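What follows is a short report on a single structure.
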Amino acid sequence: MDSALSDPLNGSAEAGGPANGKTRPPSTPEGIALAYGSLLLMALLPIFFGALRSVRCARGKNASDMPETITSRDAARFPIIASCTLLGLYLFFKIFSQEYINLLLSMYFFVLGILALSHTISPFMNKFFPANFPNRQYQLLFTQGSGENKEEIINYEFDTKDLVCLGLSSIVGIWYLLRKHWIANNLFGLAFSLNGVELLHLNNVSTGCILLGGLFIYDVFWVFGTNVMVTVAKSFEAPIKLVFPQDLLEKGLEADNFAMLGLGDIVIPGIFIALLLRFDISLKKNTHTYFYTSFAAYIFGLGLTIFIMHIFKHAQPALLYLVPACIGFPILVALAKGEVTEMFSYESSAEILPHTPRLTHFPTVSGSPASLADSMQQKLAGPRRRRPQNPSAIYEESNPKDPAAVTESKEGTEASASKGLEKKEK
């Protein structure tokens, strides 16, 4: 995962300058301010709208939009998996030709980008369709096995409107595949970020602290300890980062002196901010205190990252500044309001399937172990209700069409029971 904020350093070949070593003319202060401000704005959009959509996603019952819940075990493993993936990509770029690797990755992200962008614009496009639009429902279902062992692999529901959005997204995908233009890259990057914040849910605040804390160490090590992350970020021609040219004012849309922000710096804090929004809603106080606090903390942390990077002229691990801000600010607010216990006891996974019955409280148990054992034995030794043994009687009692017939059947049952007792006495 790429999660470093990088700056071209006004023409330095090491940090994104031309591969032939030629230096670019230094960017103007206006161009630098425009690039940094645009990166900050692009980072805030998927977090804000993705958090809002995560609330609707948690309450929904559509299997195709069901969120993926991250547990504490997943959060503990994630930095290790991300480190192995990052190092593997670095070795691939060192061993194999960069051109062929990026060709395979471009095809892979071409498909993923179209699907992500289609899912992103679908709610907005639905407002533009006329009321008489012929909308048909479809379902894409892949299963494995048969009979009782049948297992669903893919179960995706869509309609005609989704197909229209898919066609529009394909135009952007073809543009990206042919030109690798930075605008197409950003459209896919924003779609990936928004879908990540919407569909990846932390189950509680403790899990969020574990995930952010682990990636805090991961980010600092791979940016400051090695050149692996920066190298991969600049060699990896895929929409895993947002870019904006610092020389846009001089060269227009053909500018090529980019500042970049990894999607990890958006999605990882974003899913934590979305969790706090769902926590705000669970309090039922009609306020979004923790959401706005964490959102402001993200702005502060990313702004501090940009400032430090500009001062020291070196790529910065953004999570170094974002994690303390996004965790620390909401906890301070919870301490001031006396809601720390409620914050850390909140379980977001309970909202994923609201129609599923769940155990929300445990019965109170009091008394010594001996008295509890005696009470259990008394319950077990107590009288049990027996089922009637005559099936015809059960049917006739449940369907009393003729009262006389019901009376005769009861008398016959009593007579047969008395005969059975006489035989036993003999």
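Identifiers for the structure tokens are assigned positionally: chains receive A, B, ... in sequence, residues are indexed from 1 per chain, and ligands are indexed from 1 in the order shown.
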- Item | Residue neighbourhood Ser348 of chain A, 12 Å, only C-alpha atoms, exclusion window fewer than 3 positions, as a PyMOL selection string | chain A and resi 54-55+57-59+67-71+200-208+271-272+274-282+343-345+351-354
- Task: Using backbone DSSP assignments, extract all alpha helix (DSSP H) residues from segment 190-327 of chain A; output them as a PyMOL selection string.
- Result: chain A and resi 190-199+205-220+228-235+248-251+264-283+289-312+319-327
- Query: For Ala334 of chain A, which of A:Ser169, A:Asp247, A:Phe291, A:Leu320 is the closest residue, counting only C-alpha atoms?
  - Reply: A:Phe291
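If you measure from each of A:Gly145, A:Gly301, A:Pro134, A:Gly173 to Pro269 of chain A using only C-alpha atoms, the closest one turns out to be A:Gly301.
The two atoms in question, atom CA of Met229 of chain A and atom CA of Leu261 of chain A, are spaced 12.1 Å apart.
Minimum atom-to-atom distances from A:Asn132, A:Ser146, A:Thr85, A:Asn186 to Ala238 of chain A were compared using only C-alpha atoms, and the lowest value belongs to A:Asn186.
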- Message: Need the shell around segment 111-117 of chain A: protein/DNA/RNA residues with any atom at most 8 Å away, counting only C-alpha atoms. Skip same-chain ones fewer than 5 positions apart. Format as a list of chain:residue names?
- Response: A:Leu166, A:Ser169, A:Ser170, A:Val172, A:Gly173, A:Leu187, A:Phe188, A:Ala191, A:Phe192, A:Asn195
- Item | Within 12 Å of Gly214 of chain A using only C-alpha atoms, minus same-chain residues under 2 positions, as a ChimeraX atom specification | /A:72-83,207-212,216-221,268,319-320,323
For the residues in the current selection, export C-alpha atoms as a PDB file, in the first residue's frame.
ATOM      1  CA  SER A  72      -8.949  -6.942  15.522  1.00  0.00           C
ATOM      2  CA  ARG A  73      -7.172  -9.999  14.106  1.00  0.00           C
ATOM      3  CA  ASP A  74      -7.415  -8.572  10.590  1.00  0.00           C
ATOM      4  CA  ALA A  75      -6.119  -5.227  11.842  1.00  0.00           C
ATOM      5  CA  ALA A  76      -3.097  -6.861  13.504  1.00  0.00           C
ATOM      6  CA  ARG A  77      -2.229  -8.805  10.346  1.00  0.00           C
ATOM      7  CA  PHE A  78      -2.733  -5.946   7.921  1.00  0.00           C
ATOM      8  CA  PRO A  79       0.637  -4.149   8.380  1.00  0.00           C
ATOM      9  CA  ILE A  80       2.484  -7.446   7.889  1.00  0.00           C
ATOM     10  CA  ILE A  81       0.547  -8.282   4.722  1.00  0.00           C
ATOM     11  CA  ALA A  82       1.008  -4.725   3.417  1.00  0.00           C
ATOM     12  CA  SER A  83       4.769  -4.889   4.083  1.00  0.00           C
ATOM     13  CA  THR A 207      -9.773  -2.346  16.229  1.00  0.00           C
ATOM     14  CA  GLY A 208      -9.339   1.059  14.620  1.00  0.00           C
ATOM     15  CA  CYS A 209      -6.597   1.955  17.094  1.00  0.00           C
ATOM     16  CA  ILE A 210      -4.817  -1.342  16.381  1.00  0.00           C
ATOM     17  CA  LEU A 211      -5.016  -0.811  12.619  1.00  0.00           C
ATOM     18  CA  LEU A 212      -3.899   2.814  12.675  1.00  0.00           C
ATOM     19  CA  PHE A 216       1.770   4.159  11.756  1.00  0.00           C
ATOM     20  CA  ILE A 217       4.873   1.993  12.341  1.00  0.00           C
ATOM     21  CA  TYR A 218       4.624   0.542   8.830  1.00  0.00           C
ATOM     22  CA  ASP A 219       4.521   3.967   7.188  1.00  0.00           C
ATOM     23  CA  VAL A 220       7.388   5.447   9.205  1.00  0.00           C
ATOM     24  CA  PHE A 221       9.651   2.449   8.603  1.00  0.00           C
ATOM     25  CA  ILE A 268      -7.141   4.152   6.476  1.00  0.00           C
ATOM     26  CA  LEU A 319       0.249   8.567   8.798  1.00  0.00           C
ATOM     27  CA  LEU A 320       2.992   9.810  11.122  1.00  0.00           C
ATOM     28  CA  VAL A 323      -2.755   8.778  13.209  1.00  0.00           C
TER      29      VAL A 323
END
- Query: Which polymer residues have any atom within 12 Å of an atom of Phe129 of chain A, counting only C-alpha atoms, with same-chain residues fewer than 3 positions away left out, as a count of residues only?
  - Reply: 14
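Candidate residues A:Gly270, A:Gly252, A:Gly213, A:Gly31 were compared for distance to Gly328 of chain A, and the nearest is A:Gly213, using only C-alpha atoms.
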- Query: Taking only C-alpha atoms into account, which of A:Asp159, A:Asp256, A:Glu339, A:Glu198 comes nearest Ile47 of chain A?
  - Reply: A:Glu198
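With only C-alpha atoms as the atoms that count, the residue of A:Gln137, A:Ser235, A:Asn185, A:Ser38 with the shortest distance to Phe109 of chain A is A:Asn185.
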- All strand (DSSP E) positions in segment 252-331 of chain A, as a PyMOL selection string: chain A and resi 258-262+316-317
Keeping only N, CA and C atoms, write the selected residues as a PDB file, in the first residue's frame.
ATOM      1  N   PHE A 258       4.514  16.494 -10.734  1.00  0.00           N
ATOM      2  CA  PHE A 258       3.409  16.135  -9.861  1.00  0.00           C
ATOM      3  C   PHE A 258       3.816  16.058  -8.385  1.00  0.00           C
ATOM      4  N   ALA A 259       2.898  16.469  -7.539  1.00  0.00           N
ATOM      5  CA  ALA A 259       2.902  16.098  -6.125  1.00  0.00           C
ATOM      6  C   ALA A 259       1.869  14.985  -5.971  1.00  0.00           C
ATOM      7  N   MET A 260       2.121  14.036  -5.070  1.00  0.00           N
ATOM      8  CA  MET A 260       1.251  12.871  -4.994  1.00  0.00           C
ATOM      9  C   MET A 260       0.888  12.547  -3.543  1.00  0.00           C
ATOM     10  N   LEU A 261      -0.270  11.910  -3.393  1.00  0.00           N
ATOM     11  CA  LEU A 261      -0.769  11.474  -2.090  1.00  0.00           C
ATOM     12  C   LEU A 261      -1.292  10.055  -2.246  1.00  0.00           C
ATOM     13  N   GLY A 262      -0.727   9.124  -1.461  1.00  0.00           N
ATOM     14  CA  GLY A 262      -1.150   7.734  -1.549  1.00  0.00           C
ATOM     15  C   GLY A 262      -2.567   7.534  -1.045  1.00  0.00           C
ATOM     16  N   GLN A 316       7.158  12.542   3.001  1.00  0.00           N
ATOM     17  CA  GLN A 316       6.786  12.333   4.398  1.00  0.00           C
ATOM     18  C   GLN A 316       5.774  11.191   4.527  1.00  0.00           C
ATOM     19  N   PRO A 317       5.919  10.364   5.581  1.00  0.00           N
ATOM     20  CA  PRO A 317       4.867   9.375   5.884  1.00  0.00           C
ATOM     21  C   PRO A 317       3.674  10.086   6.516  1.00  0.00           C
TER      22      PRO A 317
END
- Would you work out the distance separating atom CA of Thr293 of chain A from atom CA of Phe48 of chain A, expressed in Å to one decimal? 12.5 Å
